[in-house]
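Visitor: First the structure, which I've put down as structure tokens, then a few questions once you've had a look.
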Amino acid sequence: MFEFTDSRDLQIPTQVVNWCCIIAKTFFKMHEFRYGVFLKAFIFIFCPGLIALFIWALFQFDNQNPVVYFVVILPFSLGMIGLSVYGVADVAIGKFVIADDRVILHSPFGSRGLLNDEIRGYRKDENYIRIFPVKESQKEMKVSTYLKDAHLIIQWLAIHYTDLDILEGDEEERQVLRNDEFGISEESRLRRLNQARKVSKIINGGAWVLLVWLFAFPRYYTYGITICCLYPLIAIFVTLSYRGLISPDEYKNSKIPSAGIAFILPGIILALRVLMDFTILMHPSLLWVGVVIISIVFSFLYILPSFRMTSKPIRFYGTAFAMVLLNLFYGYGVIIAANCMLDNSIPSHYETTVCDKRMSTGKLTTYYLDLNPWGTLAEAQEVKITRDEYESIQKGDSIVVTQHAGYLTIPWIEITPR
């Protein structure tokens, strides 16, 4: 069961392989892996309390808000109850067994096994070890990494089978080196690929520098915001220049570089920065149309050069969807930054009073003022402020509101204590 026939296939020194075999023979006496005592104790204590909490929530029907109950509270509570019941059953029943000729997984849904020669390979992530059968008609086996001594399962699999993530990454690199579009010889293709790896590292690193610059040391603010606006264009230019040698996304053990950080992170920085620095009075519908259009156009310009290189269309479409969603930050940030920073209109000044103030706590603490109507406004307005402003301004204080028309006709304001 623990013999290794040819260590050269995995390029692992024979001494290391023999050492792993000795460890495996020592620890695999029962060939059985269950959840640890401390994890079981935690689940047995925590989950029943969680079940009781959500059963109580099921009886909190509110006649005034039936839609909220049936759309949010009821399905969420039932889902959490089911998940908690499964968690208790899984730690009580769940186990993974390595027999002489097969592996067996026991779960609350039953037991299933695979013969050793039916296993094609495995993948691993933070939560699961996935064992794939040779036949595609058979379902993969998902083994929790929270089982006690789960690392020994990985060791056993590494000795006997192939890590499919590594295999896929190597095959991807081989496809590039065989492709005449990337050079006239394998050496020139490899040189081009290594160059793409260096360039992607440089521009990805530059995105992290922008993050530190604009949040830790926000000097030369205008230059930083301008670079954030232009940085996704740099990522697009690089991916177009290397014609598919730079992947739009990054996944485990991939040998193809990605510029995903350079494309996405500046947009997130830009959106967070303008939300902190500018108070938008109202968001017209055309703003959101512009955000969506920018996100779609930029995302497809970024990912299209790699479309012909991917062998998995499903992965490509999933990446495209994720890029469009994440790039909404950039669309919003670039529009608001242009609207406020390029605004040369003559502002209007109004005096009003603070009718209330509040702060919202969570992962981030946000501060708000409720201001009485001013100018042509008929209703009170809630505006976001900084912590220093929140501490210095009190309810009933008079303040001056400076209202700007906006370069893109999106009105924004600044407030000053009187």
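Numbering starts fresh at 1 for the residues of each chain in the structure tokens, the chains themselves are lettered A, B, ... in the order given, and ligands are numbered from 1 as they appear.
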What lies within 12 Å of Leu275 in chain A using only C-alpha atoms, ignoring chain neighbours under 6 positions off, as a JSON list (two decimals) with C-alpha atoms, in the first residue's frame?
Guide:
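Just written: around_7.json:
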[["chain", "number", "residue", "atom", "x", "y", "z"],
["A", 268, "ILE", "CA", -11.05, 49.42, -5.70],
["A", 269, "ILE", "CA", -8.54, 51.95, -4.32],
["A", 329, "PHE", "CA", -15.57, 49.86, -8.51],
["A", 332, "TYR", "CA", -17.73, 54.42, -10.21],
["A", 333, "GLY", "CA", -14.38, 55.73, -9.02],
["A", 334, "VAL", "CA", -13.24, 57.14, -12.35],
["A", 335, "ILE", "CA", -16.56, 58.90, -13.01],
["A", 336, "ILE", "CA", -16.74, 60.51, -9.55],
["A", 337, "ALA", "CA", -13.06, 61.46, -9.61],
["A", 340, "CYS", "CA", -15.23, 66.38, -8.76],
["A", 366, "THR", "CA", -18.73, 55.73, 9.06],
["A", 383, "VAL", "CA", -24.13, 63.46, 4.33],
["A", 384, "LYS", "CA", -21.01, 61.50, 5.18],
["A", 385, "ILE", "CA", -18.25, 63.26, 7.11],
["A", 386, "THR", "CA", -14.86, 62.49, 8.64],
["A", 412, "TRP", "CA", -21.46, 67.31, -4.88]]
Visitor: Residues at most 9 Å from Asn327 in chain A, counting only C-alpha atoms, excluding those fewer than 3 positions away in the same chain, as a list of chain:residue names?
Guide: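 Counting only the stated atoms, we get A:Phe263, A:Ile264, A:Gly267, A:Ile268, A:Val291, A:Val292, A:Ile294, A:Ser295, A:Ile296, A:Phe298, A:Ser299, A:Ala322, A:Met323, A:Val324, A:Tyr330, A:Gly331, A:Tyr332.
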Visitor: Kindly export the residues of the current selection with C-alpha atoms, as an mmCIF file, in the first residue's frame.
Guide:
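again01.cif written:
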data_model
loop_
_atom_site.group_PDB
_atom_site.id
_atom_site.type_symbol
_atom_site.label_atom_id
_atom_site.label_comp_id
_atom_site.auth_asym_id
_atom_site.auth_seq_id
_atom_site.Cartn_x
_atom_site.Cartn_y
_atom_site.Cartn_z
ATOM 1 C CA PHE A 263 -6.326 45.557 -13.331
ATOM 2 C CA ILE A 264 -8.678 45.278 -10.330
ATOM 3 C CA GLY A 267 -10.230 50.521 -9.250
ATOM 4 C CA ILE A 268 -11.045 49.418 -5.698
ATOM 5 C CA VAL A 291 -20.442 52.654 -14.475
ATOM 6 C CA VAL A 292 -21.802 49.474 -16.093
ATOM 7 C CA ILE A 294 -17.091 51.236 -18.415
ATOM 8 C CA SER A 295 -16.934 47.989 -16.441
ATOM 9 C CA ILE A 296 -18.061 45.812 -19.374
ATOM 10 C CA PHE A 298 -12.697 47.539 -19.890
ATOM 11 C CA SER A 299 -13.209 43.978 -18.623
ATOM 12 C CA ALA A 322 -16.121 38.243 -11.927
ATOM 13 C CA MET A 323 -14.085 40.914 -13.732
ATOM 14 C CA VAL A 324 -17.205 42.854 -14.734
ATOM 15 C CA TYR A 330 -13.336 51.346 -11.200
ATOM 16 C CA GLY A 331 -16.288 52.611 -13.233
ATOM 17 C CA TYR A 332 -17.728 54.417 -10.215
#
Visitor: Compile the contact shell of Tyr231 in chain A as a JSON list (two decimals) with N, CA and C atoms, in the first residue's frame: residues with an atom at most 9 Å away, counting only C-alpha atoms, same-chain residues fewer than 5 positions apart removed.
Guide:
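This is the output file part_29.json:
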[["chain", "number", "residue", "atom", "x", "y", "z"],
["A", 203, "ILE", "N", 3.99, 45.26, -12.66],
["A", 203, "ILE", "CA", 2.77, 46.07, -12.64],
["A", 203, "ILE", "C", 1.85, 45.67, -11.48],
["A", 207, "ALA", "N", 0.61, 48.20, -8.27],
["A", 207, "ALA", "CA", -0.74, 48.39, -7.73],
["A", 207, "ALA", "C", -0.73, 48.40, -6.20],
["A", 226, "THR", "N", -4.83, 60.22, -10.40],
["A", 226, "THR", "CA", -4.66, 60.13, -11.86],
["A", 226, "THR", "C", -4.04, 58.81, -12.27],
["A", 236, "ILE", "N", -4.39, 46.56, -19.37],
["A", 236, "ILE", "CA", -4.97, 46.17, -20.65],
["A", 236, "ILE", "C", -3.91, 46.20, -21.75],
["A", 262, "ALA", "N", -3.16, 44.18, -10.98],
["A", 262, "ALA", "CA", -2.94, 45.49, -11.59],
["A", 262, "ALA", "C", -4.21, 46.02, -12.23],
["A", 263, "PHE", "N", -5.09, 45.13, -12.67],
["A", 263, "PHE", "CA", -6.33, 45.56, -13.33],
["A", 263, "PHE", "C", -7.43, 45.90, -12.34],
["A", 266, "PRO", "N", -6.40, 48.89, -8.46],
["A", 266, "PRO", "CA", -6.49, 50.36, -8.56],
["A", 266, "PRO", "C", -7.93, 50.86, -8.59],
["A", 267, "GLY", "N", -8.83, 50.11, -9.22],
["A", 267, "GLY", "CA", -10.23, 50.52, -9.25],
["A", 267, "GLY", "C", -10.85, 50.51, -7.87]]
Visitor: Counting only C-alpha atoms, what are the residues of range 398-418 of chain A within 8 Å of range 352-359 of chain A, and for each of them which pair of atoms is the nearest and at what distance in Å, to one decimal? Sort the table by chain and rising number, as a tab-separated table.
Guide:
residue	atom	partner	partner_atom	distance
A:Ser398	CA	A:Thr353	CA	4.4
A:Ile399	CA	A:Thr352	CA	5.6
A:Val400	CA	A:Thr352	CA	6.4
A:Val401	CA	A:Thr352	CA	7.2
Visitor: Just C-alpha atoms for this one: save the residues we selected as a PDB file, in the first residue's frame.
Guide:
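selection.pdb, freshly written:
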ATOM      1  CA  SER A 398     -24.876  76.034  11.978  1.00  0.00           C
ATOM      2  CA  ILE A 399     -22.753  75.014   9.019  1.00  0.00           C
ATOM      3  CA  VAL A 400     -22.026  76.294   5.530  1.00  0.00           C
ATOM      4  CA  VAL A 401     -22.743  73.969   2.611  1.00  0.00           C
TER       5      VAL A 401
END
Visitor: With only C-alpha atoms as the basis for distance, which of A:Leu281, A:Leu265, A:Ala405, A:Ile393 is at the shortest distance from Pro417 in chain A?
Guide: A:Ile393
Visitor: Separation of CA of Ser185 in chain A and CA of Tyr302 in chain A, in Å?
Guide: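 If I compute the distance from CA of Ser185 in chain A to CA of Tyr302 in chain A, I get 27.2 Å.
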Visitor: Which residue out of A:Leu245, A:Met80, A:Val238, A:Ala57 has the minimum interatomic distance to Phe182 in chain A when only C-alpha atoms are used?
Guide: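 The closest residue to Phe182 in chain A is A:Leu245.
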